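Chemist: Dropping the structure in here first, questions after.
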There are 2 protein chains.
Amino acid sequence: MTKVTKLHSTPRAEDTRRKIYDSALQLFREKGFEQTTMRDIAQKAGVALGAAYYYFSSKEAIVLAFYDEMQHGSHEAVLQEMQKHKKMKDRVRCVLEKRLELLEPNRKFCDALFRHAPDSQDPLSPFSEETRPIREQAIEHLRLAVEGGDMKIPSDLQERLPYLLWLYQMALILFWLYDRSPHQERTRQLTEKSLGLIVTLIRLSTLPLMKPVRRTVLELVETIAIP
Amino acid sequence: MTKVTKLHSTPRAEDTRRKIYDSALQLFREKGFEQTTMRDIAQKAGVALGAAYYYFSSKEAIVLAFYDEMQHGSHEAVLQEMQKHKKMKDRVRCVLEKRLELLEPNRKFCDALFRHAPDSQDPLSPFSEETRPIREQAIEHLRLAVEGGDMKIPSDLQERLPYLLWLYQMALILFWLYDRSPHQERTRQLTEKSLGLIVTLIRLSTLPLMKPVRRTVLELVETIAIP
DNA sequence: AATTTATTTTGAACATGTTCAATATGTTGG
DNA sequence: CCAACATATTGAACATGTTCAAAATAAATT
């Protein structure tokens with residue numbers, strides 16, 4: 001009879017994992033992802049090199065764990081903050097701002113997350129099967145932002161809009177990552193302007209004139225949707 | 001008196017460089033970028049490992065050399081093909097199709113080009129200072145496609161449209177890179193649909209109603225433009 | 001031709017992500 | 001408490017991108 005055993009779930013294991021995870025993030029924040037070696041991490045955590053790989057399948061998996069924790073840890077806070085607003089624009093802005101706010105202290109190593117983005121086969125890609133749960137919760141936030149808002153969304157657009165906004169959020173994060181302007185001022189500019197544009201475009205999309213455009217956009221979204 | 005010496009420019013050097021370059025591309029095509037080691041490349045080229053680094057500053061630099069060669073090598077062909085068309089849509093399609101056609105046999109390793117895209121400090125990023133010449137020629141192609149076309153472009157948009165189309169092209173290539181559909185059918189779909197959409201949007205942008213939208217878009221483009 | 005300088009080539013050495021067999025430590029059923 | 005199993009830890013070994021000082025070769029100068 002095989003016993004189902006959860007690995008890494010004993011108190012001691014949990015503790016070791018935490019030590020490794022915390023050491024890693026601290027070093028990543030100080031020196032960046034590339035400049036931090038797995039040996040650095042193990043040493044700081046006071047364990048052998050191999051231990052790091054017992055708990056994390058790779059160096060980048062540590063960053064993914066961070067992203068996962070951030071995504072799930074922010075769930076309540078985002079919902080709460082969002083409730084304060086009625087307008088869809090403000091609600092979406094909430095989601096976007098909260099994300100950047102959480103990423104802020106970790107700006108130095110988050111680029112590692114996008115390193116493998118172009119390969120959807122890579123488990124660490126934001127588009128991969130493995131990162132689906134993270135992605136879906138992020139999309140869920142945006143769905144709530146849209147549905148709880150005051151805006152009338154054409155029904156055929158309603159379904160896919162959250163996914164589109166997620167793509168938009170990813171693009172913003174990417175831009176933010178290498179925004180070299182002081183305090184990432186340009187990202188804030190870009191966010192405001194693009195957010196306004198999106199709202200305007202959705203408004204315009206209700207015009208009869210725009211029917212064919214909306215149809216094309218929707219077909220397009222189906223083409224790029226992740227099954 | 002210092003003598004200006006061009007490195008790697010003697011016939012022998014040129015020959016060695018070529019051997020390394022050709023071996024590398026062949027291996028990349030067969031096994032992909034990751035699966036090919038610098039030792040493989042050196043061995044196939046019949047030189048020592050160090051020689052590869054004498055001619056290419058890194059493994060990825062070989063891919064960049066390929067991209068550069070492709071970009072410059074295709075210049076005439078693109079211009080010629082483009083002349084056959086009057087409509088802007090067809091002319092832009094020419095540019096897009098030619099690019100994908102040239103990338104096609106090298107699909108297996110081109111993803112390496114985007115690996116470092118998120119870091120504009122990285123010399124190999126498509127947005128870096130180092131890759132500026134390649135980028136600018138690509139943008140130039142799109143400028144010619146637009147200007148030689150039959151379409152009336154609002155003057156304030158004219159200036160930045162080629163850059164926008166270049167961003168669009170980059171996104172398409174990215175999509176194409178991990179399009180797993182047979183013969184990358186979805187990329188072709190996406191290209192047609194999005195191209196149609198772009199043309200429609202430009203048309204619509206001439207409407208007086210769209211004046212404020214166009215202004216926002218242009219401000220937005222200024223924000224994301226590479227200086 | 002001999003000497004000096006410039007270029008090209010070499011391969012050993014290094015750094016670092018990763019694997020894995022061995023060992024230690026803890027847990028459990030008898 | 002003991003054996004047997006499960007879990008956790010170790011560190012040496014490996015693969016591979018990269019560096020670099022030394023050696024080989026070619027070119028230029030005297």
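Identifiers in the structure tokens: chain A, B, ... in order shown; residue index from 1 per chain; ligand index from 1 in order shown.
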Report as a ChimeraX atom specification the set of chain B residues whose atoms approach chain A to within 10 Å, with distances computed over only C-alpha atoms.

Modeler: /B:110-121,173-180,186-187,189-194,196-198,200-201,204,209-210,212-217,219-224

Chemist: Residues of chain B no more than 9 Å from chain D, counting only C-alpha atoms (C1' of nucleotides): send them over as a list in words.

Modeler: Thr37, Met38, Arg39, Tyr53, Ser58 and Lys59 of chain B

Chemist: Keeping N, CA and C atoms for every residue in the selection just given, could you write it to a file as a PDB file, in the first residue's frame?

Modeler:
```
ATOM      1  N   THR B  37      26.290  23.330 -27.907  1.00  0.00           N
ATOM      2  CA  THR B  37      27.310  23.906 -27.030  1.00  0.00           C
ATOM      3  C   THR B  37      28.402  24.577 -27.862  1.00  0.00           C
ATOM      4  N   MET B  38      29.077  25.488 -27.233  1.00  0.00           N
ATOM      5  CA  MET B  38      30.176  26.161 -27.913  1.00  0.00           C
ATOM      6  C   MET B  38      31.254  25.146 -28.301  1.00  0.00           C
ATOM      7  N   ARG B  39      31.372  24.093 -27.511  1.00  0.00           N
ATOM      8  CA  ARG B  39      32.340  23.041 -27.849  1.00  0.00           C
ATOM      9  C   ARG B  39      31.922  22.293 -29.103  1.00  0.00           C
ATOM     10  N   TYR B  53      35.361  32.320 -29.377  1.00  0.00           N
ATOM     11  CA  TYR B  53      35.217  33.547 -28.594  1.00  0.00           C
ATOM     12  C   TYR B  53      36.113  34.666 -29.109  1.00  0.00           C
ATOM     13  N   SER B  58      30.016  36.164 -27.573  1.00  0.00           N
ATOM     14  CA  SER B  58      29.238  35.210 -26.781  1.00  0.00           C
ATOM     15  C   SER B  58      28.465  34.298 -27.722  1.00  0.00           C
ATOM     16  N   LYS B  59      27.869  33.305 -27.156  1.00  0.00           N
ATOM     17  CA  LYS B  59      27.070  32.372 -27.956  1.00  0.00           C
ATOM     18  C   LYS B  59      25.905  33.107 -28.619  1.00  0.00           C
TER      19      LYS B  59
END
```

Chemist: I'd like the neighbourhood of segment 131-137 of chain A as number ranges by chain, where a residue qualifies if any of its atoms comes within 7 Å (using only C-alpha atoms (C1' of nucleotides)), though same-chain residues fewer than 5 positions away should be ignored.

Modeler: A: 68, 71, 123-124, 126

Chemist: Write down, as a PDB file with N, CA and C atoms (P, O5', C5', C4', C3', O3' and C1' of nucleotides), in the first residue's frame, each residue of chain C that has any atom within 8 Å of an atom of chain B, counting only C-alpha atoms (C1' of nucleotides).

Modeler:
```
ATOM      1  P    DT C   7      46.702  44.141 -35.555  1.00  0.00           P
ATOM      2  O5'  DT C   7      46.470  42.576 -35.722  1.00  0.00           O
ATOM      3  C5'  DT C   7      46.664  41.989 -37.006  1.00  0.00           C
ATOM      4  C4'  DT C   7      46.619  40.486 -36.890  1.00  0.00           C
ATOM      5  C3'  DT C   7      45.297  39.900 -36.400  1.00  0.00           C
ATOM      6  O3'  DT C   7      44.773  39.153 -37.473  1.00  0.00           O
ATOM      7  C1'  DT C   7      47.153  38.811 -35.397  1.00  0.00           C
ATOM      8  P    DT C   8      43.319  38.548 -37.409  1.00  0.00           P
ATOM      9  O5'  DT C   8      43.649  37.067 -36.891  1.00  0.00           O
ATOM     10  C5'  DT C   8      44.513  36.251 -37.651  1.00  0.00           C
ATOM     11  C4'  DT C   8      44.867  34.999 -36.875  1.00  0.00           C
ATOM     12  C3'  DT C   8      43.667  34.168 -36.388  1.00  0.00           C
ATOM     13  O3'  DT C   8      43.773  32.911 -37.038  1.00  0.00           O
ATOM     14  C1'  DT C   8      45.341  34.345 -34.727  1.00  0.00           C
ATOM     15  P    DT C   9      42.643  31.801 -36.828  1.00  0.00           P
ATOM     16  O5'  DT C   9      43.241  30.953 -35.623  1.00  0.00           O
ATOM     17  C5'  DT C   9      44.510  30.334 -35.787  1.00  0.00           C
ATOM     18  C4'  DT C   9      44.885  29.607 -34.515  1.00  0.00           C
ATOM     19  C3'  DT C   9      43.764  28.762 -33.904  1.00  0.00           C
ATOM     20  O3'  DT C   9      44.132  27.400 -33.995  1.00  0.00           O
ATOM     21  C1'  DT C   9      44.958  30.009 -32.248  1.00  0.00           C
ATOM     22  P    DT C  10      43.159  26.280 -33.445  1.00  0.00           P
ATOM     23  O5'  DT C  10      43.732  26.079 -31.978  1.00  0.00           O
ATOM     24  C5'  DT C  10      45.139  25.884 -31.820  1.00  0.00           C
ATOM     25  C4'  DT C  10      45.506  25.896 -30.357  1.00  0.00           C
ATOM     26  C3'  DT C  10      44.608  25.024 -29.476  1.00  0.00           C
ATOM     27  O3'  DT C  10      45.304  23.840 -29.141  1.00  0.00           O
ATOM     28  C1'  DT C  10      45.157  27.129 -28.447  1.00  0.00           C
ATOM     29  P    DG C  11      44.499  22.502 -28.837  1.00  0.00           P
ATOM     30  O5'  DG C  11      44.374  22.611 -27.248  1.00  0.00           O
ATOM     31  C5'  DG C  11      45.561  22.747 -26.484  1.00  0.00           C
ATOM     32  C4'  DG C  11      45.226  23.241 -25.097  1.00  0.00           C
ATOM     33  C3'  DG C  11      44.128  22.448 -24.376  1.00  0.00           C
ATOM     34  O3'  DG C  11      44.475  22.356 -23.011  1.00  0.00           O
ATOM     35  C1'  DG C  11      43.557  24.687 -24.386  1.00  0.00           C
TER      36       DG C  11
END
```
